[in-house]
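Colleague: Could you have a look at this structure, given as structure tokens, before my questions?
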Amino acid sequence: MRGAAPILLPVALLAIVPVLTASNAVLNFLVAALLMALVGQGWNLLGGYGGQYSFGHAAFFGTGAYATAILQVRYGVNAWLAFVAGTLAAALLGTIIGALCFRSGLKGSYFALITLAFAEVLRIVASVAPITGAGVGLLIRLDLRPEAFQFQSRAPFYWIVLALLAVSLAAVRMIESSRFGAWLIAVRENEDAASALGVDVMRIKIAAMTVSAAITGAGGCFYAQYFLFIDAGIAYGPWISVEALVAPIIGGIGTVLGPLYGALAVKTLGELTKLLAGDAPGLDLVVYGSLLIAVVAFAPRGIAGTLLDWRERLRGRRAIAATGERSHG
Amino acid sequence: MLSPDILFAAVLNGLLMGALYALVALGLTLIYGVLHIINFAHGALLAAAMFAAFFAHRLLGLDPYVAAVILTPAFFALGYALQRFLIGPAAHGEDRNYLLITLGLAVVIENALLFAFRADTRTIDLPYAFQVIEVGPALLAVPRVVALAVTMAVAFGLWLFMRWSDTGKAIRAVAREKLGAELSGIEVAHIYAITFGIGTACLAIAACLLIPTYYVNPRAGDAFVLIAFTIVVLGGMGSVTGALVGGLVVGVVESLCGLMLGESLGQVGIFAVFILTLLMRPTGLFGARA
Amino acid sequence: MAEPLLRIEQVCKRFGGLLAVDHASLAVETGRITALIGPNGAGKTTLFAMIAGFSRPSEGRIFYAGADITGSAPHLLARRGIARTFQIAQPFAGLSVEDNIAIGSYLSHRSRTDARAAAGRIAREVGLGDQLKRRAADLTLSALKRLELARALAIEPRLILLDEVLAGLNPSEIRDLVPLIRAIRTRGTTVLLIEHVMQAVMSLAEHVLVLAEGRVIAEGSPQAITANPRVIEAYLGHGAARRAGGGYDG
């Protein structure tokens with residue numbers, strides 16, 4: 001994807017939605033989708049570009065959420081500062097977990113397993129620790145002022161999560177065309193070859209994990225502000241770890257816009273299914289899981305990737321027609 | 001503080017629980033040893049088996065130990081079909097895909113159970129569920145003792161199968177050297193499917209053994225799967241002995257931690273062991289090189 | 001005489017009970033093309049792995065430009081100027097030829113534009129100039145080998161380790177690649193290559209080392225080596241030297 005246009009266009013289109021409609025249903029739906037895209041973009045950096053599949057990104061989401069909530073509820077910190085602090089806390093956790101895992105050389109299934117374990121440990125601890133409200137959870141006091149990061153209507157929240165997503169899109173786009181990004185992709189493709197070419201594989205992975213955690217953590221902070229209630233199952237539950245990876249994989253793993261396409265597609269299908277089969281818990285995740293399997297089996301490059309493929313193939317056919325022959329190495 | 005009697009009881013009960021963990025881990029380690037994949041759907045399949053056992057009792061009046069006779073082959077067939085017709089073909093042979101597909105399967109199964117049966121916790125009431133045997137100062141629940149005995153029998157049976165039967169030898173061949181096995185005429189996809197089927201069959205047996213003293217809900221499998229993973233990592237990926245020994249060890253650790261730290265933190269103890277083992281020796285104490 | 005660029009002293013490598021490299025000692029002079037030959041399983045690639053930092057010697061030391069580099073990490077050695085190719089080509093399959101080579105260029109060029117420009121120059125040097133945008137996964141074997149070469153050159157090495165870079169190529173492809181290797185030396189890069197293709201060894205190498213069963217059994221000029229009875233025996237078996245009448249007919 002060249003240039004900023006591919007990013008600006010969807011963002012601009014999404015930005016005018018609240019101007020066109022005041023429907024809470026539409027805005028709620030889109031906020032959920034954009035949040036999923038944000039959380040998924042974090043995963044995408046580490047998993048799509050870096051090739052390290054985390055099954056426990058809830059650890060970062062939940063840490064952002066709890067940090068934000070605890071700072072406000074227990075220490076009276078300003079909501080906006082708490083937001084920043086929460087994102088940083090998630091990033092720090094990313095560095096720590098990354099350092100532990102990558103120093104030990106964990107990859108592939110082992111890495112997936114251990115990230116799953118970290119998320120579960122945090123969930124259990126959060127469900128019994130007093131500071132997180134244990135089983136009861138944490139409630140952020142209703143205070144509908146912009147200074148307290150709370151708003152009367154949905155629209156400001158919508159624009160904020162869209163802005164966060166836009167920042168994450170820009171960040172990933174910049175990384176993609178930077179040296180760090182090139183090295184990260186090299187690590188994904190072949191670690192040994194990369195280190196033979198001077199790439200400090202471990203540092204690259206840890207750095208990617210830190211940024212990934214920050215992005216997903218910001219999503220957690222936003223969730224806390226938007227819903228004003230979190231508990232261990234919400235913050236650190238498997239549902240968010242699954243959402244984090246489903247969005248980019250279905251939308252196009254390793255592409256800038258993949259998580260956005262994926263989140264929109266998946267959430268839409270989820271809503272449709274609920275309309276048809278009723279809104280019982282578990283249904284949306286059944287849809288997500290099935291889509292995941294289907295995409296991996298039939299369209300592993302996801303929506304964005306498949307679109308790129310078609311465009312390449314069209315170009316390729318035109319090239320062959322023009323030269324009348326295929327060039328060989 | 002903690003009397004030797006209480007400790008003794010905790011250790012024994014830990015061993016009994018550990019036997020069930022070992023049975024669950026057995027399937028997991030077998031699948032890893034042969035297919036070289038970590039089956040993230042293991043917990044969900046266990047939950048499905050437990051629901052099956054539950055409804056076998058609720059709707060057909062079948063005692064779980066009797067239901068096991070039907071469910072074991074049924075789940076073997078399910079596992080075989082899943083690997084042969086879904087997981088294998090969809091993965092296109094790539095490790096990363098196996099991760100995602102088994103995870104996807106786990107999500108689908110668990111949430112389908114949630115959607116169908118909701119999150120309520122259910123239990124079965126059986127006349128013998130609360131009978132106990134006295135061993136010294138400890139009182140051991142009869143179903144748990146049965147579970148230990150059956151687990152040992154299954155482990156032994158599997159060992160015999162792997163050692164002496166043609167299929168068992170084929171499985172070992174594929175685990176050791178897939179290409180060579182293929183060239184010798186062994187149909188690898190079939191062997192993979194059989195192995196997966198054995199893994200799920202173990203889950204069916206474990207479910208029937210668990211049901212008398214445990215509860216059923218869609219998330220019940222999760223609690224077990226992480227424990228099973230810990231055992232497999234501790235005991236060595238692909239090592240059957242490791243799964244057995246690891247299962248017993250973990251059972252005792254959980255029991256003692258639960259005694260001293262309370263139920264939830266007992267779980268944390270297991271996770272801590274899990275994480276530490278992965279960080280320091282991912283191939284486990286008994287396992288071959290990863 | 002000047003300090004050799006690479007000096008290996010009594011290096012051993014054990015894998016469980018197997019001694020893959022057995023007290024090997026050798027020196028590679030700066031600016032020369034040195035060949036490392038020997039029958040399969042002699043330990044040549046293991047030696048390369050140890051030099052490039054992918055494997056730690058069980059015993060012994062390795063010196064590069066006078067400094068002890070034993071056990072250093074691969075990426076650090078790459079940054080110090082040691083490049084290696086892999087016996088089985090390991091391209092970044094999903095990336096284009098240009099981006100493959102650029103990964104190495106990034107060591108001395110921060111921006112993507114500069115790195116790609118440098119990559120383009122190297123690609124043209126090795127004859128891949130017309131395939132810059134092609135995916136590495138779509139290349140022929142001959143092109144892949146050139147890519148391996150190009151990637152290694154991208155990090156601007158002082159010492160380049162070529163591991164059977166001619167393996168699997170037909171005679172005309174070999175004839176095309178040999179001058180490229182010679183050109184690397186002409187630029188000032190020291191070359192240490194593992195090769196089985198004897199014609200290439202004879203025409204390229206100024207100095208030859210023979211490894212058999214993990215030990216250096218002979219060294220010298222290509223002509224001297226091929227006439228060496230111990231070398232003949234290592235390849236053809238005990239008594240072969242006598243049977244062949246003490247001479248080697250390439």
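Just so we're on the same page: first chain in the structure tokens is A, next is B, and so on; residues restart at 1 for each chain, and ligands are numbered from 1 in the order they show up.
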Got a sec to tell me which of range 25-125 of chain B DSSP assigns to helix (DSSP H, G or I), as a PyMOL selection string?
Modeller: chain B and resi 25-35+42-60+64-91+95-117
Colleague: Excluding range 82-88 of chain C and residues on its chain fewer than 6 positions from it, collect all residues at most 7 Å away from it, counting only C-alpha atoms, and give them as a list of chain:residue names.
Modeller: A:Ala196, C:Ala52, C:Glu148, C:Leu149, C:Ala152, C:Pro157, C:Arg158, C:Leu159, C:Ile160, C:Leu161, C:Leu162, C:Asp163, C:Glu164, C:Val165
Colleague: Could you pull out the strand (DSSP E) residues of range 71-198 of chain C, going by DSSP on the backbone, and write them as an NGL selection string?
Modeller: :C and (82-84 or 159-163 or 190-194)
Colleague: Need the shell around Ala148 in chain A: protein/DNA/RNA residues with any atom at most 10 Å away, counting only C-alpha atoms. Skip same-chain ones fewer than 5 positions apart. Format as a ChimeraX atom specification?
Modeller: /A:72,77-81,141-143,225
Colleague: Could you give me, as a Markdown table, every chain A residue with an atom at most 6 Å from chain C, plus its closest atom pair and distance in Å to one decimal, counting only C-alpha atoms, rows ordered by chain then number?
Modeller:
```
| residue | atom | partner | partner_atom | distance |
| --- | --- | --- | --- | --- |
| A:Glu189 | CA | C:Phe92 | CA | 5.3 |
| A:Ser195 | CA | C:His75 | CA | 4.6 |
| A:Ala196 | CA | C:Pro74 | CA | 5.6 |
| A:Leu197 | CA | C:Gly104 | CA | 5.2 |
| A:Gly198 | CA | C:His75 | CA | 4.0 |
| A:Val199 | CA | C:His75 | CA | 5.5 |
| A:Asp200 | CA | C:His75 | CA | 5.8 |
| A:Gly329 | CA | C:Thr140 | CA | 5.7 |
```
